[in-house]
$ cat target.txt   # compact mmCIF, C-alpha atoms and all ligand atoms
# COMPACT_ATOMS: atom_id res chain seq x y z
CA MET A 1 123.80 2.07 -5.43
CA GLY A 2 120.35 2.62 -4.04
CA VAL A 3 117.61 4.86 -5.34
CA VAL A 4 118.24 7.57 -2.76
CA GLU A 5 121.97 7.83 -3.52
CA ASN A 6 121.32 7.82 -7.26
CA LEU A 7 118.69 10.51 -6.94
CA LYS A 8 121.00 12.63 -4.84
CA ARG A 9 123.80 12.35 -7.41
CA VAL A 10 121.53 13.28 -10.28
CA ARG A 11 120.12 16.24 -8.36
CA GLU A 12 123.58 17.49 -7.47
CA SER A 13 124.60 17.38 -11.12
CA LEU A 14 121.64 19.44 -12.29
CA PRO A 15 121.41 23.22 -12.37
CA GLY A 16 118.90 24.23 -9.71
CA ASN A 17 116.24 25.62 -12.01
CA ILE A 18 115.71 22.35 -13.89
CA THR A 19 112.78 20.16 -12.90
CA LEU A 20 113.72 16.52 -12.47
CA VAL A 21 111.04 14.08 -13.57
CA ALA A 22 111.94 10.66 -12.16
CA VAL A 23 110.88 8.12 -14.77
CA SER A 24 109.56 5.17 -12.79
CA LYS A 25 108.12 3.09 -15.63
CA THR A 26 108.25 -0.66 -14.95
CA LYS A 27 109.53 0.01 -11.41
CA PRO A 28 107.73 -1.11 -8.24
CA ASP A 29 105.93 1.12 -5.77
CA GLU A 30 108.63 0.57 -3.11
CA MET A 31 111.28 2.21 -5.26
CA ILE A 32 109.01 5.14 -6.03
CA LEU A 33 108.29 5.55 -2.33
CA GLU A 34 112.01 5.59 -1.54
CA ALA A 35 112.47 8.47 -3.97
CA TYR A 36 109.33 10.18 -2.70
CA GLU A 37 110.54 9.99 0.87
CA ALA A 38 113.79 11.59 -0.26
CA GLY A 39 111.75 14.55 -1.49
CA GLN A 40 111.07 13.64 -5.11
CA LEU A 41 107.53 14.67 -6.19
CA ASP A 42 107.61 14.57 -10.01
CA PHE A 43 107.37 11.11 -11.54
CA GLY A 44 106.94 10.03 -15.15
CA GLU A 45 105.31 6.94 -16.63
CA ASN A 46 104.73 6.01 -20.25
CA LYS A 47 101.73 3.70 -19.98
CA VAL A 48 98.27 4.89 -19.00
CA GLN A 49 97.40 1.77 -17.09
CA ASP A 50 100.55 1.84 -14.96
CA LEU A 51 100.26 5.54 -14.38
CA THR A 52 96.66 5.28 -13.22
CA ALA A 53 97.28 2.25 -11.01
CA LYS A 54 100.33 3.80 -9.37
CA SER A 55 98.55 7.09 -8.78
CA GLU A 56 95.82 5.23 -6.91
CA ARG A 57 98.25 3.40 -4.65
CA LEU A 58 100.87 6.09 -4.02
CA PRO A 59 100.75 9.42 -2.12
CA GLY A 60 98.30 12.01 -3.44
CA ASP A 61 100.81 14.85 -3.67
CA ILE A 62 102.90 13.11 -6.33
CA ARG A 63 102.85 15.01 -9.63
CA TRP A 64 102.35 12.45 -12.37
CA HIS A 65 103.77 13.16 -15.82
CA MET A 66 102.56 11.16 -18.82
CA ILE A 67 105.67 10.89 -20.98
CA GLY A 68 104.68 8.18 -23.46
CA HIS A 69 102.56 8.05 -26.57
CA LEU A 70 98.94 8.68 -25.59
CA GLN A 71 95.92 7.34 -27.45
CA THR A 72 92.79 9.48 -27.49
CA ASN A 73 90.61 6.72 -26.08
CA LYS A 74 92.75 6.57 -22.94
CA VAL A 75 92.81 10.26 -22.12
CA LYS A 76 89.79 9.95 -19.84
CA TYR A 77 91.70 7.78 -17.36
CA LEU A 78 94.38 10.42 -16.87
CA SER A 79 92.43 13.64 -17.01
CA PRO A 80 91.19 13.65 -13.40
CA PHE A 81 94.68 13.84 -11.94
CA VAL A 82 97.57 14.02 -14.43
CA HIS A 83 100.02 16.88 -13.82
CA MET A 84 101.46 17.20 -17.32
CA ILE A 85 101.15 15.39 -20.65
CA HIS A 86 104.49 15.51 -22.47
CA GLY A 87 103.79 13.69 -25.70
CA VAL A 88 101.03 15.61 -27.44
CA ASP A 89 101.43 14.94 -31.15
CA SER A 90 98.11 15.80 -32.81
CA LEU A 91 95.32 18.35 -32.76
CA LYS A 92 92.86 15.52 -32.25
CA LEU A 93 94.63 14.39 -29.10
CA LEU A 94 94.80 17.95 -27.80
CA SER A 95 91.10 18.41 -28.46
CA THR A 96 90.28 15.19 -26.61
CA ILE A 97 92.39 16.27 -23.64
CA ASN A 98 90.64 19.65 -23.64
CA LYS A 99 87.17 18.11 -23.58
CA SER A 100 88.06 15.62 -20.91
CA ALA A 101 89.70 18.30 -18.75
CA GLN A 102 86.57 20.41 -19.11
CA GLN A 103 84.47 17.56 -17.73
CA HIS A 104 86.71 17.52 -14.69
CA GLN A 105 86.81 21.33 -14.46
CA ARG A 106 90.56 21.30 -14.86
CA CYS A 107 93.14 22.92 -17.06
CA ILE A 108 95.75 20.36 -18.10
CA ASP A 109 99.32 21.35 -18.89
CA CYS A 110 100.63 19.81 -22.10
CA LEU A 111 103.81 19.81 -24.14
CA LEU A 112 103.96 19.37 -27.89
CA GLN A 113 106.32 16.58 -28.82
CA VAL A 114 108.53 17.61 -31.69
CA ARG A 115 110.47 15.09 -33.72
CA ILE A 116 114.14 16.04 -33.82
CA ALA A 117 115.93 12.70 -33.95
CA ARG A 118 117.13 11.34 -37.24
CA GLU A 119 115.67 7.93 -36.43
CA GLU A 120 112.35 7.40 -38.15
CA THR A 121 110.79 5.56 -35.25
CA LYS A 122 110.37 8.38 -32.78
CA PHE A 123 106.93 9.90 -32.37
CA GLY A 124 106.37 13.58 -32.67
CA LEU A 125 105.40 16.50 -34.84
CA SER A 126 107.43 18.31 -37.45
CA ALA A 127 108.00 22.01 -36.75
CA GLU A 128 105.39 22.82 -39.42
CA GLU A 129 102.81 20.50 -37.90
CA ALA A 130 103.40 21.94 -34.44
CA SER A 131 102.93 25.50 -35.74
CA ALA A 132 99.80 24.51 -37.63
CA ILE A 133 98.27 23.19 -34.40
CA VAL A 134 98.89 26.32 -32.34
CA GLU A 135 97.75 28.59 -35.13
CA SER A 136 94.49 26.73 -35.76
CA ASP A 137 91.06 28.13 -34.90
CA ALA A 138 90.26 24.91 -33.05
CA PHE A 139 93.23 25.48 -30.76
CA ALA A 140 92.20 29.07 -30.05
CA GLU A 141 88.90 27.75 -28.67
CA MET A 142 90.48 25.34 -26.19
CA LYS A 143 90.20 26.71 -22.69
CA ASN A 144 91.02 23.62 -20.65
CA ILE A 145 94.51 22.88 -21.87
CA ARG A 146 97.61 24.96 -21.70
CA ILE A 147 100.62 24.36 -23.92
CA ARG A 148 103.56 24.85 -21.59
CA GLY A 149 106.26 24.22 -24.17
CA LEU A 150 107.95 21.47 -26.14
CA MET A 151 109.21 17.96 -25.53
CA GLY A 152 111.80 16.19 -27.63
CA MET A 153 114.04 13.15 -27.73
CA ALA A 154 117.43 13.29 -29.36
CA SER A 155 118.86 10.45 -31.41
CA TYR A 156 120.28 7.52 -29.51
CA THR A 157 123.91 8.05 -30.42
CA GLN A 158 127.35 8.64 -28.92
CA ASN A 159 127.75 11.64 -31.20
CA THR A 160 127.41 14.50 -28.75
CA GLY A 161 127.65 17.09 -31.52
CA GLN A 162 124.61 15.59 -33.18
CA ILE A 163 122.66 15.45 -29.91
CA ARG A 164 123.48 19.09 -29.20
CA ALA A 165 122.44 20.10 -32.70
CA GLU A 166 119.12 18.32 -32.25
CA PHE A 167 118.41 20.13 -28.97
CA GLN A 168 119.42 23.41 -30.60
CA ARG A 169 116.90 22.78 -33.37
CA LEU A 170 114.25 22.30 -30.72
CA ASN A 171 115.31 25.61 -29.16
CA LEU A 172 114.84 27.36 -32.50
CA ILE A 173 111.34 25.94 -32.85
CA PHE A 174 110.60 26.92 -29.26
CA ASP A 175 111.86 30.48 -29.81
CA GLU A 176 109.81 30.86 -32.98
CA MET A 177 106.65 29.78 -31.23
CA LYS A 178 107.41 31.96 -28.24
CA ALA A 179 107.75 34.94 -30.59
CA SER A 180 104.54 34.20 -32.48
CA ALA A 181 101.66 32.11 -31.13
CA PHE A 182 102.79 32.44 -27.49
CA GLN A 183 104.12 35.98 -27.40
CA ASP A 184 101.75 36.97 -24.60
CA ALA A 185 101.90 33.66 -22.81
CA ASP A 186 104.30 33.71 -19.85
CA TYR A 187 103.38 30.11 -19.16
CA PHE A 188 105.01 28.93 -22.39
CA ASP A 189 108.32 28.27 -20.68
CA GLN A 190 109.08 24.55 -20.59
CA ARG A 191 111.56 22.53 -22.60
CA SER A 192 111.41 18.86 -21.71
CA TYR A 193 114.64 17.51 -23.11
CA GLY A 194 117.18 15.09 -21.72
CA MET A 195 117.20 11.51 -20.46
CA SER A 196 119.77 9.42 -18.55
CA GLY A 197 122.20 9.32 -21.48
CA ASP A 198 122.03 12.94 -22.58
CA TYR A 199 120.62 15.07 -19.78
CA MET A 200 123.82 17.04 -19.18
CA LEU A 201 123.93 17.96 -22.85
CA ALA A 202 120.25 18.91 -22.65
CA ALA A 203 120.89 21.02 -19.54
CA GLY A 204 123.65 22.81 -21.44
CA GLU A 205 121.20 23.58 -24.22
CA GLY A 206 118.57 25.17 -22.01
CA SER A 207 116.38 22.26 -20.98
CA THR A 208 114.02 23.14 -18.11
CA MET A 209 112.85 19.62 -17.43
CA VAL A 210 114.78 16.36 -17.68
CA ARG A 211 113.17 12.91 -17.66
CA ILE A 212 115.51 10.45 -15.99
CA GLY A 213 114.80 6.78 -15.39
CA SER A 214 117.64 4.29 -15.42
CA LEU A 215 120.21 6.53 -13.71
CA ILE A 216 117.88 6.71 -10.70
CA PHE A 217 116.09 3.36 -10.66
CA GLY A 218 118.57 1.15 -12.52
CA LEU A 219 118.19 -0.56 -15.85
CA ARG A 220 114.74 -1.78 -16.81
CA ASN A 221 113.94 -5.40 -17.66
CA TYR A 222 110.97 -5.55 -19.97
C1 LIG B 1 111.89 5.88 -20.60
C2 LIG B 1 111.83 7.30 -20.97
C3 LIG B 1 112.71 8.22 -20.38
C4 LIG B 1 113.80 7.85 -19.39
O1 LIG B 1 114.76 7.06 -20.00
P1 LIG B 1 116.16 6.75 -19.26
O2 LIG B 1 117.09 6.55 -20.38
O3 LIG B 1 115.93 5.51 -18.46
O4 LIG B 1 116.49 7.90 -18.43
C5 LIG B 1 112.57 9.55 -20.74
N1 LIG B 1 111.65 9.95 -21.62
C6 LIG B 1 110.80 9.10 -22.20
C7 LIG B 1 109.79 9.63 -23.16
C8 LIG B 1 110.86 7.75 -21.91
O5 LIG B 1 110.00 6.90 -22.50
$ encode --input "target.txt" --output "structure tokens" --more "lines below"
Ligand SMILES: *Cc1c(COP(=O)(O)O)cnc(C)c1O
Amino acid sequence: MGVVENLKRVRESLPGNITLVAVSKTKPDEMILEAYEAGQLDFGENKVQDLTAKSERLPGDIRWHMIGHLQTNKVKYLSPFVHMIHGVDSLKLLSTINKSAQQHQRCIDCLLQVRIAREETKFGLSAEEASAIVESDAFAEMKNIRIRGLMGMASYTQNTGQIRAEFQRLNLIFDEMKASAFQDADYFDQRSYGMSGDYMLAAGEGSTMVRIGSLIFGLRNY
């Protein structure tokens, strides 16, 4: 199956209000262009260097999503153009993004990454840490970032009940924030959950944005 057929199948399986981020990490420009020419505009990468290089070579109307772990010293490379940063996991990182966005007279959309998986290895904030960030005075001063919602990765397991429960926990955290720190913020409306293996479960649990790589572009060889 080619990229265009795969993309079409994934799109047809998704409820219409969900944004599909095509995760093109490790994949060549030609494959991204195939998807682009089939109408796909949102693409995700997890490495700053690849994201920056691809953005320079590929069409300017592509919306680039940074989905990987981001180090503060690399924010400056993304801030001129990045569409959304999914993996924000500290106040320091948020503050760096804010300052860098200010220098480029932009407001950058971000998601807080919350740790829901049982595996210890996944990045992300606890619910308490996420609340502490959005309730801090430092956060209240930041005018050049906008927290659009939450991002999370479920455990890598066949246990669909567990995956659902993890997404539901994320929904609870989302709802609590929506009712407190973001009660007047209509823009706080994004839930970035779901990958190739679990996106239908995520869609069933209210995801608004799925990040799908291998189902569209094939397996990755690292
Ligand atoms: C690689 C990656 C994806 C896509 O993974 P697939 O299983 O290939 O769909 C989604 N989200 C993040 C954060 C990733 O790093």
$ closest_residue --input "target.txt" --among "A:Gln113, A:Gln162, A:Thr19, A:Ser90" --to "ligand LIG 1 (chain B)" --atoms "all atoms listed in the file"
A:Gln113
$ closest_residue --input "target.txt" --among "A:Gln158, A:Ser207, A:Ser13, A:Gln102" --to "A:Asn144" --atoms "all atoms listed in the file"
A:Gln102
$ closest_residue --input "target.txt" --among "A:Met151, A:Leu170, A:Leu112, A:Ala130" --to "ligand LIG 1 (chain B)" --atoms "all atoms listed in the file"
A:Met151
$ residues_near_ligand --input "target.txt" --ligand "ligand LIG 1 (chain B)" --cutoff "10 Å" --atoms "all atoms listed in the file" --output "PyMOL selection string"
chain A and resi 21-26+44-47+66-69+86-87+113+122-123+151-153+156+192-199+210-220
$ atom_distance --input "target.txt" --atom1 "atom CA of A:Ala181" --atom2 "atom CA of A:Val134"
6.5 Å
$ atom_distance --input "target.txt" --atom1 "atom CA of A:Val114" --atom2 "atom CA of A:Ser126"
5.9 Å
